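Source file: structure10.txt; contents: compact mmCIF, C-alpha atoms.
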# COMPACT_ATOMS: atom_id res chain seq x y z
CA GLN A 17 -13.73 6.43 -15.67
CA TYR A 18 -13.79 3.12 -13.86
CA MET A 19 -15.40 -0.29 -13.71
CA SER A 20 -16.34 -1.71 -10.32
CA GLY A 21 -15.71 -5.02 -8.60
CA PHE A 22 -12.84 -6.80 -6.86
CA GLY A 23 -11.20 -9.58 -8.87
CA ASN A 24 -13.86 -9.46 -11.58
CA GLU A 25 -13.42 -10.58 -15.18
CA HIS A 26 -13.42 -7.15 -16.82
CA VAL A 27 -13.58 -6.26 -20.50
CA SER A 28 -12.52 -2.83 -21.79
CA GLU A 29 -11.58 -1.16 -25.04
CA ASP A 30 -10.77 2.45 -25.87
CA PRO A 31 -13.88 3.94 -27.54
CA ARG A 32 -11.68 5.38 -30.28
CA CYS A 33 -11.24 1.80 -31.57
CA PRO A 34 -14.56 -0.05 -31.26
CA GLY A 35 -14.27 -3.78 -31.76
CA ALA A 36 -10.58 -3.87 -30.79
CA LEU A 37 -11.14 -6.92 -28.59
CA PRO A 38 -11.06 -10.19 -30.56
CA GLU A 39 -14.30 -12.11 -30.35
CA GLY A 40 -14.36 -15.69 -29.12
CA GLN A 41 -10.60 -16.17 -28.71
CA ASN A 42 -7.58 -14.57 -27.08
CA ASN A 43 -4.90 -14.92 -29.73
CA PRO A 44 -6.20 -14.73 -33.31
CA GLN A 45 -3.88 -14.99 -36.27
CA VAL A 46 -4.49 -11.32 -36.99
CA CYS A 47 -5.85 -9.04 -34.25
CA PRO A 48 -8.27 -6.19 -35.04
CA TYR A 49 -6.60 -2.91 -36.07
CA GLY A 50 -3.31 -4.78 -36.55
CA LEU A 51 -2.71 -4.98 -32.79
CA TYR A 52 -0.44 -7.41 -30.96
CA ALA A 53 -1.87 -9.82 -28.38
CA GLU A 54 0.11 -10.12 -25.13
CA GLN A 55 -0.80 -12.02 -21.97
CA LEU A 56 0.17 -10.73 -18.52
CA SER A 57 0.17 -13.61 -16.02
CA GLY A 58 -0.21 -12.87 -12.32
CA SER A 59 -0.21 -16.54 -11.30
CA ALA A 60 1.08 -19.87 -12.52
CA PHE A 61 -0.90 -21.21 -15.50
CA THR A 62 -1.97 -24.21 -13.43
CA CYS A 63 -3.31 -22.37 -10.37
CA PRO A 64 -6.86 -23.36 -9.36
CA ARG A 65 -9.48 -21.26 -11.09
CA PRO A 66 -10.31 -19.11 -8.00
CA THR A 67 -6.67 -17.99 -7.73
CA ASN A 68 -5.76 -17.91 -11.42
CA LYS A 69 -4.85 -14.34 -12.44
CA ARG A 70 -4.21 -13.16 -15.98
CA SER A 71 -5.19 -10.48 -18.46
CA TRP A 72 -4.88 -10.22 -22.23
CA LEU A 73 -3.61 -6.91 -23.60
CA TYR A 74 -4.05 -5.78 -27.22
CA ARG A 75 -1.36 -3.23 -27.95
CA ILE A 76 0.19 -1.25 -30.78
CA LEU A 77 3.64 -2.75 -30.11
CA PRO A 78 4.47 -5.60 -27.71
CA SER A 79 6.39 -4.70 -24.55
CA VAL A 80 9.37 -6.79 -25.69
CA CYS A 81 10.54 -3.98 -28.01
CA HIS A 82 13.21 -2.30 -25.86
CA LYS A 83 16.99 -2.06 -25.53
CA PRO A 84 18.78 -4.20 -22.89
CA PHE A 85 18.27 -3.34 -19.22
CA LYS A 86 21.14 -1.68 -17.38
CA PRO A 87 21.52 -1.00 -13.63
CA LEU A 88 19.93 2.25 -12.46
CA LYS A 89 21.47 3.95 -9.44
CA GLU A 90 18.49 5.89 -8.16
CA GLY A 91 16.24 6.01 -5.14
CA HIS A 92 16.93 4.34 -1.83
CA LEU A 93 15.43 0.87 -2.29
CA THR A 94 16.95 -2.15 -0.61
CA HIS A 95 16.18 -5.63 0.61
CA ASP A 96 19.46 -5.93 2.53
CA TRP A 97 18.03 -6.45 6.00
CA ASP A 98 21.48 -7.00 7.53
CA GLU A 99 23.03 -3.63 6.70
CA ILE A 100 22.54 -2.51 10.31
CA ASP A 101 22.04 -4.31 13.63
CA PRO A 102 18.43 -5.11 14.57
CA ASP A 103 16.59 -2.80 16.96
CA PRO A 104 13.72 -4.26 19.05
CA ASN A 105 12.68 -0.91 20.55
CA GLN A 106 9.40 0.85 19.95
CA LEU A 107 10.18 3.15 17.01
CA ARG A 108 8.41 6.28 15.86
CA TRP A 109 9.22 8.61 12.99
CA LYS A 110 8.40 12.26 12.58
CA PRO A 111 6.79 13.20 9.23
CA PHE A 112 9.17 12.29 6.42
CA GLU A 113 10.55 15.37 4.70
CA ILE A 114 9.54 16.18 1.12
CA PRO A 115 12.34 17.75 -0.94
CA LYS A 116 11.75 21.25 -2.22
CA ALA A 117 11.53 21.89 -5.96
CA PRO A 118 13.15 23.19 -8.08
CA GLN A 119 16.32 22.91 -5.98
CA ASN A 120 15.94 19.14 -5.67
CA LYS A 121 13.54 17.66 -8.22
CA MET A 122 12.45 14.18 -7.27
CA ASP A 123 9.81 11.99 -8.91
CA PHE A 124 8.06 8.89 -7.61
CA VAL A 125 10.92 6.51 -8.45
CA SER A 126 13.78 8.66 -7.20
CA GLY A 127 11.72 9.40 -4.08
CA LEU A 128 11.29 5.76 -3.01
CA HIS A 129 12.93 4.92 0.34
CA THR A 130 12.82 1.50 2.01
CA LEU A 131 12.02 1.79 5.72
CA CYS A 132 11.80 -1.84 6.85
CA GLY A 133 11.05 -5.35 5.65
CA ALA A 134 11.81 -9.06 5.77
CA GLY A 135 12.30 -11.96 3.38
CA GLU A 136 13.58 -11.53 -0.13
CA PRO A 137 12.07 -11.42 -3.60
CA ARG A 138 14.07 -14.29 -5.12
CA GLY A 139 12.51 -16.73 -2.67
CA ARG A 140 9.06 -15.17 -3.36
CA ASN A 141 8.29 -14.69 0.32
CA GLY A 142 8.54 -11.37 2.10
CA ILE A 143 7.40 -7.80 2.44
CA ALA A 144 8.86 -4.30 2.47
CA VAL A 145 7.55 -0.97 3.69
CA HIS A 146 8.60 2.03 1.60
CA ILE A 147 8.09 5.77 1.98
CA PHE A 148 7.73 7.91 -1.15
CA VAL A 149 8.38 11.65 -1.20
CA CYS A 150 8.33 13.56 -4.49
CA ASN A 151 7.71 16.96 -6.03
CA THR A 152 7.70 16.35 -9.77
CA SER A 153 5.99 14.02 -12.24
CA MET A 154 7.54 11.07 -14.02
CA ILE A 155 8.23 12.28 -17.56
CA ASP A 156 8.79 9.74 -20.34
CA ARG A 157 9.50 6.99 -17.86
CA CYS A 158 7.53 4.26 -16.17
CA LEU A 159 8.10 1.63 -13.49
CA TYR A 160 7.09 -1.96 -13.08
CA ASN A 161 7.75 -4.24 -10.14
CA SER A 162 9.05 -7.69 -11.06
CA ASP A 163 9.26 -8.62 -7.37
CA GLY A 164 5.71 -8.20 -6.13
CA ASP A 165 2.67 -6.00 -5.59
CA PHE A 166 2.64 -2.35 -4.46
CA LEU A 167 -0.17 -1.18 -2.17
CA ILE A 168 0.13 2.61 -2.35
CA VAL A 169 -1.27 4.88 0.38
CA PRO A 170 -1.01 8.59 -0.56
CA GLN A 171 -0.87 10.87 2.48
CA GLN A 172 -0.25 14.31 0.95
CA GLY A 173 -1.02 15.23 -2.64
CA LYS A 174 -3.00 13.32 -5.24
CA LEU A 175 -1.50 10.88 -7.74
CA LEU A 176 -2.57 10.60 -11.36
CA ILE A 177 -1.39 7.09 -12.20
CA THR A 178 -1.25 6.01 -15.83
CA THR A 179 -1.14 2.24 -16.29
CA GLU A 180 -1.28 -0.13 -19.22
CA PHE A 181 -4.94 -0.69 -18.28
CA GLY A 182 -5.92 2.99 -18.10
CA LYS A 183 -5.71 5.92 -15.69
CA MET A 184 -6.50 6.23 -11.98
CA LEU A 185 -6.68 9.38 -9.88
CA VAL A 186 -5.75 8.43 -6.31
CA GLU A 187 -6.13 10.98 -3.53
CA PRO A 188 -5.38 10.89 0.20
CA ASN A 189 -7.87 8.60 1.97
CA GLU A 190 -7.82 6.35 -1.09
CA ILE A 191 -5.46 3.48 -1.81
CA CYS A 192 -4.44 1.72 -4.99
CA VAL A 193 -2.78 -1.57 -5.78
CA ILE A 194 -0.40 -1.98 -8.72
CA GLN A 195 0.15 -5.71 -9.08
CA GLN A 196 3.35 -7.47 -10.09
CA GLY A 197 4.56 -6.68 -13.60
CA MET A 198 2.15 -3.83 -14.40
CA ARG A 199 3.78 -0.75 -15.89
CA PHE A 200 2.76 2.60 -14.46
CA SER A 201 3.79 6.25 -14.35
CA VAL A 202 2.94 8.77 -11.62
CA GLU A 203 2.01 12.40 -12.18
CA VAL A 204 1.92 14.70 -9.13
CA PHE A 205 0.69 18.25 -8.55
CA GLY A 206 3.08 19.55 -5.94
CA GLU A 207 4.74 18.20 -2.82
CA THR A 208 3.59 14.61 -2.42
CA ARG A 209 4.15 11.93 0.22
CA GLY A 210 2.85 8.50 1.09
CA TYR A 211 3.46 4.92 2.14
CA ILE A 212 3.85 1.66 0.20
CA LEU A 213 3.37 -1.92 1.36
CA GLU A 214 5.13 -4.33 -0.99
CA VAL A 215 4.49 -8.07 -0.85
CA TYR A 216 6.55 -10.78 -2.55
CA GLY A 217 4.96 -14.07 -3.51
CA ALA A 218 1.28 -13.35 -2.82
CA HIS A 219 -1.46 -11.06 -4.08
CA PHE A 220 -3.82 -9.02 -1.96
CA GLU A 221 -7.33 -10.35 -1.52
CA LEU A 222 -10.39 -9.56 0.53
CA PRO A 223 -10.37 -11.18 3.98
CA ASP A 224 -12.82 -13.97 4.69
CA LEU A 225 -15.89 -12.77 6.58
CA GLY A 226 -16.77 -15.91 8.57
CA PRO A 227 -19.59 -15.27 11.07
CA ILE A 228 -19.86 -11.64 9.88
CA GLY A 229 -21.80 -13.03 6.90
CA ALA A 230 -22.00 -12.02 3.27
CA ASN A 231 -21.52 -8.26 3.69
CA GLY A 232 -19.24 -5.93 5.55
CA LEU A 233 -15.70 -4.54 5.81
CA ALA A 234 -14.51 -3.62 2.29
CA ASN A 235 -17.28 -4.60 -0.12
CA PRO A 236 -16.18 -5.90 -3.54
CA ARG A 237 -18.30 -3.47 -5.56
CA ASP A 238 -16.45 -0.46 -4.11
CA PHE A 239 -13.14 -1.37 -5.76
CA LEU A 240 -12.57 0.49 -9.03
CA VAL A 241 -10.61 -0.64 -12.09
CA PRO A 242 -9.53 1.79 -14.85
CA VAL A 243 -10.97 1.62 -18.37
CA ALA A 244 -8.77 1.15 -21.44
CA TRP A 245 -6.91 4.22 -22.68
CA TYR A 246 -4.02 4.33 -25.11
CA GLU A 247 -1.53 6.74 -26.60
CA ASP A 248 0.22 6.07 -29.91
CA ARG A 249 3.20 8.26 -29.14
CA GLN A 250 6.72 8.05 -30.47
CA VAL A 251 9.48 9.26 -28.13
CA PRO A 252 12.56 9.97 -30.27
CA GLY A 253 14.54 11.09 -27.23
CA GLY A 254 13.93 7.73 -25.59
CA TYR A 255 11.33 6.42 -23.17
CA THR A 256 12.78 4.83 -20.01
CA VAL A 257 11.21 1.62 -18.70
CA ILE A 258 12.35 0.91 -15.14
CA SER A 259 12.16 -2.57 -13.64
CA LYS A 260 12.43 -3.31 -9.95
CA TYR A 261 14.06 -6.74 -10.11
CA GLN A 262 15.45 -8.70 -7.15
CA GLY A 263 15.33 -5.55 -5.07
CA LYS A 264 17.31 -3.36 -7.45
CA LEU A 265 16.37 -0.96 -10.25
CA PHE A 266 17.21 -1.47 -13.92
CA ALA A 267 16.41 0.80 -16.88
CA ALA A 268 15.81 0.06 -20.56
CA GLN A 269 15.23 2.47 -23.41
CA GLN A 270 12.58 2.34 -26.11
CA ASP A 271 11.30 4.89 -28.62
CA TYR A 272 7.56 4.68 -27.91
CA SER A 273 5.13 5.01 -25.02
CA PRO A 274 4.38 1.74 -23.18
CA PHE A 275 0.80 2.91 -22.58
CA ASN A 276 -0.29 1.71 -26.00
CA VAL A 277 -2.89 -0.86 -24.95
CA VAL A 278 -6.03 -0.27 -27.02
CA ALA A 279 -8.12 -2.98 -25.37
CA TRP A 280 -7.83 -5.63 -22.67
CA HIS A 281 -9.76 -8.27 -20.80
CA GLY A 282 -9.06 -10.37 -17.71
CA ASN A 283 -9.04 -10.42 -13.92
CA TYR A 284 -5.46 -9.24 -13.29
CA THR A 285 -5.65 -5.46 -13.08
CA PRO A 286 -4.65 -2.43 -11.04
CA TYR A 287 -7.40 -1.10 -8.78
CA LYS A 288 -8.22 1.58 -6.24
CA TYR A 289 -10.49 1.90 -3.18
CA HIS A 290 -11.80 4.79 -1.06
CA LEU A 291 -11.35 4.13 2.64
CA GLU A 292 -14.56 6.00 3.54
CA LYS A 293 -16.52 3.15 1.94
CA PHE A 294 -15.31 0.66 4.57
CA MET A 295 -18.25 -0.84 6.51
CA VAL A 296 -17.06 -0.85 10.11
CA ILE A 297 -17.79 -3.81 12.38
CA ASN A 298 -17.35 -3.07 16.08
CA ALA A 299 -18.16 -4.14 19.66
CA VAL A 300 -21.63 -3.02 20.81
CA ALA A 301 -21.76 -4.57 24.31
CA PHE A 302 -18.39 -4.70 26.08
CA ASP A 303 -14.64 -5.09 25.56
CA HIS A 304 -12.43 -3.90 22.75
CA ALA A 305 -12.46 -6.07 19.61
CA ASP A 306 -9.16 -7.08 18.01
CA PRO A 307 -8.03 -4.78 15.16
CA SER A 308 -8.40 -7.63 12.65
CA ILE A 309 -12.04 -6.49 12.29
CA PHE A 310 -10.68 -3.47 10.42
CA THR A 311 -8.80 -5.48 7.74
CA VAL A 312 -9.28 -4.04 4.24
CA LEU A 313 -6.97 -6.37 2.29
CA THR A 314 -4.83 -9.38 3.16
CA ALA A 315 -1.98 -11.26 1.52
CA LYS A 316 -2.19 -14.78 2.88
CA THR A 317 0.43 -17.37 3.73
CA THR A 318 -0.04 -21.13 3.47
CA ARG A 319 -0.91 -21.21 7.19
CA ALA A 320 -4.61 -20.68 7.76
CA GLY A 321 -5.36 -17.31 9.32
CA VAL A 322 -1.73 -16.12 9.28
CA ALA A 323 -1.04 -13.21 6.94
CA LEU A 324 2.10 -12.38 5.08
CA ALA A 325 0.68 -8.87 5.32
CA ASP A 326 -2.62 -7.26 6.30
CA PHE A 327 -3.71 -3.72 5.47
CA VAL A 328 -5.80 -2.50 8.41
CA ILE A 329 -7.45 0.89 8.96
CA PHE A 330 -8.85 2.71 12.02
CA PRO A 331 -11.75 4.69 10.55
CA PRO A 332 -14.30 7.04 12.14
CA ARG A 333 -16.92 5.05 14.07
CA TRP A 334 -19.08 4.94 17.19
CA GLY A 335 -17.75 3.68 20.52
CA VAL A 336 -20.51 2.30 22.76
CA ALA A 337 -18.94 -0.51 24.81
CA ASN A 338 -20.03 -0.70 28.46
CA ASN A 339 -17.61 -1.03 31.40
CA THR A 340 -14.73 -1.07 28.92
CA PHE A 341 -11.40 0.67 28.46
CA ARG A 342 -12.12 1.80 24.94
CA PRO A 343 -8.78 2.79 23.38
CA PRO A 344 -6.48 0.05 22.04
CA TYR A 345 -5.31 -2.23 24.84
CA TYR A 346 -1.71 -2.81 25.95
CA HIS A 347 -0.30 -5.52 23.78
CA ARG A 348 2.59 -7.82 22.90
CA ASN A 349 2.11 -9.37 19.49
CA CYS A 350 3.59 -12.31 17.56
CA MET A 351 3.07 -10.10 14.47
CA SER A 352 4.95 -6.94 13.42
CA GLU A 353 2.93 -3.71 13.31
CA PHE A 354 3.86 -0.66 11.22
CA MET A 355 1.44 2.24 11.58
CA GLY A 356 0.98 5.37 9.51
CA LEU A 357 -1.35 8.34 9.72
CA ILE A 358 -3.06 9.90 6.71
CA LYS A 359 -4.84 12.70 8.57
CA GLY A 360 -6.00 13.78 12.01
CA HIS A 361 -4.88 12.45 15.41
CA TYR A 362 -4.65 8.78 16.33
CA GLU A 363 -6.89 8.00 19.29
CA ALA A 364 -4.25 6.26 21.44
CA LYS A 365 -1.50 8.85 20.91
CA GLU A 366 -2.82 12.31 20.18
CA GLU A 367 0.62 13.88 20.55
CA GLY A 368 3.78 12.88 18.71
CA PHE A 369 2.26 10.55 16.12
CA GLN A 370 1.75 12.85 13.13
CA PRO A 371 0.38 12.59 9.57
CA GLY A 372 3.19 11.59 7.22
CA GLY A 373 5.16 9.90 10.01
CA GLY A 374 5.01 6.33 11.25
CA SER A 375 5.71 3.86 14.04
CA LEU A 376 6.95 0.28 14.23
CA HIS A 377 6.16 -2.07 17.09
CA SER A 378 8.21 -5.15 16.39
CA MET A 379 7.46 -8.74 17.20
CA MET A 380 6.73 -9.16 20.96
CA THR A 381 7.74 -5.55 21.73
CA PRO A 382 5.12 -4.14 24.15
CA HIS A 383 3.06 -1.12 23.13
CA GLY A 384 -0.21 0.60 23.84
CA PRO A 385 -1.81 3.92 24.81
CA ASP A 386 0.40 6.66 26.19
CA ALA A 387 0.01 7.78 29.79
CA ASP A 388 -2.28 10.70 29.02
CA CYS A 389 -4.63 8.53 26.95
CA PHE A 390 -4.77 5.88 29.70
CA GLU A 391 -5.66 8.38 32.43
CA LYS A 392 -8.36 10.06 30.35
CA ALA A 393 -9.96 6.82 29.16
CA SER A 394 -9.91 5.28 32.63
CA LYS A 395 -11.93 8.20 34.03
CA ALA A 396 -14.13 8.95 31.03
CA ARG A 397 -17.90 8.87 31.33
CA LEU A 398 -19.02 5.88 29.26
CA GLU A 399 -21.62 7.07 26.81
CA PRO A 400 -21.94 6.67 23.05
CA GLU A 401 -19.20 8.73 21.41
CA ARG A 402 -17.75 9.26 17.99
CA VAL A 403 -14.24 7.88 17.67
CA ALA A 404 -11.61 9.07 15.21
CA ASP A 405 -13.72 11.67 13.38
CA GLY A 406 -11.51 13.54 10.92
CA THR A 407 -8.83 10.90 11.30
CA MET A 408 -7.53 7.98 9.25
CA ALA A 409 -4.76 5.85 10.69
CA PHE A 410 -3.69 2.52 9.20
CA MET A 411 -1.51 -0.48 9.96
CA PHE A 412 0.64 -2.77 7.86
CA GLU A 413 0.74 -5.98 9.93
CA SER A 414 2.92 -8.98 9.09
CA SER A 415 3.78 -12.39 10.47
CA LEU A 416 7.40 -11.67 9.52
CA SER A 417 9.92 -10.06 11.87
CA LEU A 418 10.79 -6.76 10.19
CA ALA A 419 14.28 -5.29 10.03
CA VAL A 420 14.69 -1.52 9.80
CA THR A 421 17.05 -0.10 7.18
CA LYS A 422 19.96 2.22 7.79
CA TRP A 423 17.95 4.94 6.07
CA GLY A 424 15.11 4.41 8.54
CA LEU A 425 17.28 4.41 11.66
CA GLN A 426 19.92 6.96 10.68
CA THR A 427 20.00 8.60 7.27
CA SER A 428 16.43 9.90 7.21
CA ASN A 429 17.06 11.75 10.47
CA ARG A 430 13.35 11.46 11.29
CA LEU A 431 13.50 8.94 14.13
CA ASP A 432 11.87 10.24 17.31
CA LYS A 433 14.38 9.24 19.97
CA ASN A 434 12.04 10.32 22.77
CA TYR A 435 9.19 8.00 21.83
CA TYR A 436 9.68 5.73 24.86
CA LYS A 437 9.03 8.69 27.17
CA CYS A 438 5.30 8.72 26.37
CA TRP A 439 4.91 5.70 28.69
CA GLU A 440 7.19 6.90 31.50
CA PRO A 441 4.42 8.81 33.38
CA LEU A 442 2.37 5.60 33.76
CA LYS A 443 2.05 4.90 37.47
CA SER A 444 0.84 2.05 39.63
CA HIS A 445 -2.78 2.25 40.78
CA PHE A 446 -2.53 -1.05 42.66
CA ASN A 447 -4.26 -1.17 46.04
CA PRO A 448 -4.55 -4.68 47.59
CA LYS A 449 -7.25 -3.39 49.98
CA CYS A 450 -9.53 -2.03 47.24
CA LYS A 451 -11.02 -4.41 44.68
In structure tokens, how does this file's structure come out?
Amino acid sequence: QYMSGFGNEHVSEDPRCPGALPEGQNNPQVCPYGLYAEQLSGSAFTCPRPTNKRSWLYRILPSVCHKPFKPLKEGHLTHDWDEIDPDPNQLRWKPFEIPKAPQNKMDFVSGLHTLCGAGEPRGRNGIAVHIFVCNTSMIDRCLYNSDGDFLIVPQQGKLLITTEFGKMLVEPNEICVIQQGMRFSVEVFGETRGYILEVYGAHFELPDLGPIGANGLANPRDFLVPVAWYEDRQVPGGYTVISKYQGKLFAAQQDYSPFNVVAWHGNYTPYKYHLEKFMVINAVAFDHADPSIFTVLTAKTTRAGVALADFVIFPPRWGVANNTFRPPYYHRNCMSEFMGLIKGHYEAKEEGFQPGGGSLHSMMTPHGPDADCFEKASKARLEPERVADGTMAFMFESSLSLAVTKWGLQTSNRLDKNYYKCWEPLKSHFNPKCK
């Protein structure tokens, strides 16, 4: 069950405990049902009201009841962007391999691999792109990210995500955002794979619409927030709480489930969104509009119009532009572009770019349609046509110059070293005598 609305002030309590939310105040001397009040702050106390993020949680035990954190050597997370020399080339990865169970059991945390990124969490400015591959559920352990927000894009297999705010079922073609500090556990139902965009120092928000008007792109009412659900469960064998802190993992033990929030209220929550609900805006006369018209969520910088990170999709739509080369144009960008594919075939590269893989076109590195796509689109009869049916590609775009990790370039063994060859057949059509 869910409540709808992006950034709303929500109120929720588990129906097993009616009246669990205090009336008229946040922190009474004694909370209903003997609960503890705990505030989770997603912004500074003094932020302006439109950007002030916080929620109040009413829980059976406060989250402070745990043993000391100790380093956890697990997964392949990093924010060391200097571990290998930079590579400005166009990069493409084949689908990332999912380990086979039961020979190699791997849950969401142990299956996290950092592919690229920039900045660092201590300075509260940066991003990272991670790949997750897993085949088993998290059992008696949860994760929270002290560094920033996770935007999770499942590509294969659905995720049942239990959070302190309630449960979300997130399937391919949906996304979810787990914001900084929120504890969550991931249950899977077989071989599972996906992408994560992590941002340090900013939260995701809906892009401004400007001349588009009041409606369009991702509409606020289509974002879903879980309803309160709790478990009062003792774990004598120990429950592991994992913190991602300054780019590394740490684990603490406690003897109870952290999902013991009976009621909550506030505007700082996890949420999910189905990409099919995106209202596409597109060119209806001529030329190819910039991909910014497909922005679902943005994490802004202090510079107007410049994003720390944008989440952009390329959904099914109609192409009707006259006298226009309709696929994406050839491009050199002051932004970094990481692309992934959830399903289908991407319109500009029908071969080679596969679901579960990815590509990175770094700052000012040229890119665009492959030779086959260019020849077909240049000769195509221009009539209304459906574009990208059965497909969902996406882009993580950033104003930062992204460094690729050693895992991404070497250890994963998924780098397509022949990617550059897709442009080699392009030939000159120049004829100075024919305009």
Exercise. Pick the closest to Asp156 in chain A from A:Phe61, A:Phe200, A:Tyr49, A:Phe446: which is it, counting all atoms listed in the file?
Worked result: A:Phe200
Problem set entry | Close residues, range 419-421 of chain A itself excluded, 9 Å, all atoms listed in the file, min 3 positions apart in chain, as number ranges by chain | A: 94-103, 130-134, 378, 424-426
Exercise. Just how far from CA of Ala315 in chain A is CA of Glu221 in chain A, in Å to one decimal?
Worked result: 6.2 Å
Exercise. By how many Å are CA of Leu176 in chain A and CA of Cys192 in chain A apart?
Worked result: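 Spanning CA of Leu176 in chain A to CA of Cys192 in chain A is a straight-line distance of 11.1 Å.
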Exercise. Pick from A:Asn298, A:Thr208, A:Gln195, A:Ser375: nearest to Val169 in chain A, with all atoms listed in the file counted?
Worked result: A:Thr208
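Counting all atoms listed in the file, the residue from A:His445, A:Lys293, A:Arg397, A:Lys288 that sits nearest to Ile191 in chain A is A:Lys288.
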Kindly extract all protein, DNA and RNA residues lying within 8 Å of the coordinates (-16.0, -3.7, 3.8) given in the file, considering all atoms listed in the file, and supply them as a compact mmCIF listing (two decimals) with C-alpha atoms, in the coordinates of the input.
# COMPACT_ATOMS: atom_id res chain seq x y z
CA ASN A 231 -21.52 -8.26 3.69
CA GLY A 232 -19.24 -5.93 5.55
CA LEU A 233 -15.70 -4.54 5.81
CA ALA A 234 -14.51 -3.62 2.29
CA ASN A 235 -17.28 -4.60 -0.12
CA PRO A 236 -16.18 -5.90 -3.54
CA LYS A 293 -16.52 3.15 1.94
CA PHE A 294 -15.31 0.66 4.57
CA MET A 295 -18.25 -0.84 6.51
CA VAL A 296 -17.06 -0.85 10.11
CA VAL A 312 -9.28 -4.04 4.24
For this session: Could you give me, as a list in words, the residues within 10 Å of Glu29 in chain A, counting all atoms listed in the file and dropping anything in the same chain fewer than 3 positions from it?
Result: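 Near neighbours after the sequence-gap exclusion: Arg32, Cys33, Pro34, Gly35, Ala36, Leu37, Leu73, Tyr74, Phe181, Gly182, Val243, Ala244, Trp245, Tyr246, Val277, Val278, Ala279, Trp280 and His281 of chain A.
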For this session: Write out as a PyMOL selection string the residues lying within 9 Å of Lys116 in chain A, counting all atoms listed in the file and excluding same-chain residues fewer than 2 positions away.
Result: chain A and resi 114+118-122+150-151+207
For the point (-2.8, -2.4, -3.8) in the file's frame, write as a PDB file with C-alpha atoms, in the frame of the given file all residues with an atom no more than 9 Å away, counting only C-alpha atoms.
ATOM      1  CA  ASP A 165       2.670  -6.000  -5.590  1.00  0.00           C
ATOM      2  CA  PHE A 166       2.640  -2.350  -4.460  1.00  0.00           C
ATOM      3  CA  LEU A 167      -0.170  -1.180  -2.170  1.00  0.00           C
ATOM      4  CA  ILE A 168       0.130   2.610  -2.350  1.00  0.00           C
ATOM      5  CA  VAL A 169      -1.270   4.880   0.380  1.00  0.00           C
ATOM      6  CA  ILE A 191      -5.460   3.480  -1.810  1.00  0.00           C
ATOM      7  CA  CYS A 192      -4.440   1.720  -4.990  1.00  0.00           C
ATOM      8  CA  VAL A 193      -2.780  -1.570  -5.780  1.00  0.00           C
ATOM      9  CA  ILE A 194      -0.400  -1.980  -8.720  1.00  0.00           C
ATOM     10  CA  GLN A 195       0.150  -5.710  -9.080  1.00  0.00           C
ATOM     11  CA  ILE A 212       3.850   1.660   0.200  1.00  0.00           C
ATOM     12  CA  LEU A 213       3.370  -1.920   1.360  1.00  0.00           C
ATOM     13  CA  GLU A 214       5.130  -4.330  -0.990  1.00  0.00           C
ATOM     14  CA  HIS A 219      -1.460 -11.060  -4.080  1.00  0.00           C
ATOM     15  CA  PHE A 220      -3.820  -9.020  -1.960  1.00  0.00           C
ATOM     16  CA  PRO A 286      -4.650  -2.430 -11.040  1.00  0.00           C
ATOM     17  CA  TYR A 287      -7.400  -1.100  -8.780  1.00  0.00           C
ATOM     18  CA  LYS A 288      -8.220   1.580  -6.240  1.00  0.00           C
ATOM     19  CA  TYR A 289     -10.490   1.900  -3.180  1.00  0.00           C
ATOM     20  CA  LEU A 313      -6.970  -6.370   2.290  1.00  0.00           C
TER      21      LEU A 313
END
For this session: Quote the spacing between CA of Arg138 in chain A and CA of Leu418 in chain A in Å to one decimal place.
Result: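 One can read the CA of Arg138 in chain A to CA of Leu418 in chain A distance as 17.4 Å.
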For this session: Find the residues near Ile147 in chain A: any atom within 9 Å, counting only C-alpha atoms, skip ones fewer than 6 places away on the same chain, and give them as a list in words.
Result: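 Here the answer would be Phe112, Gly127, Leu128, His129, Thr130, Leu131, Arg209, Gly210, Tyr211 and Ile212 of chain A.
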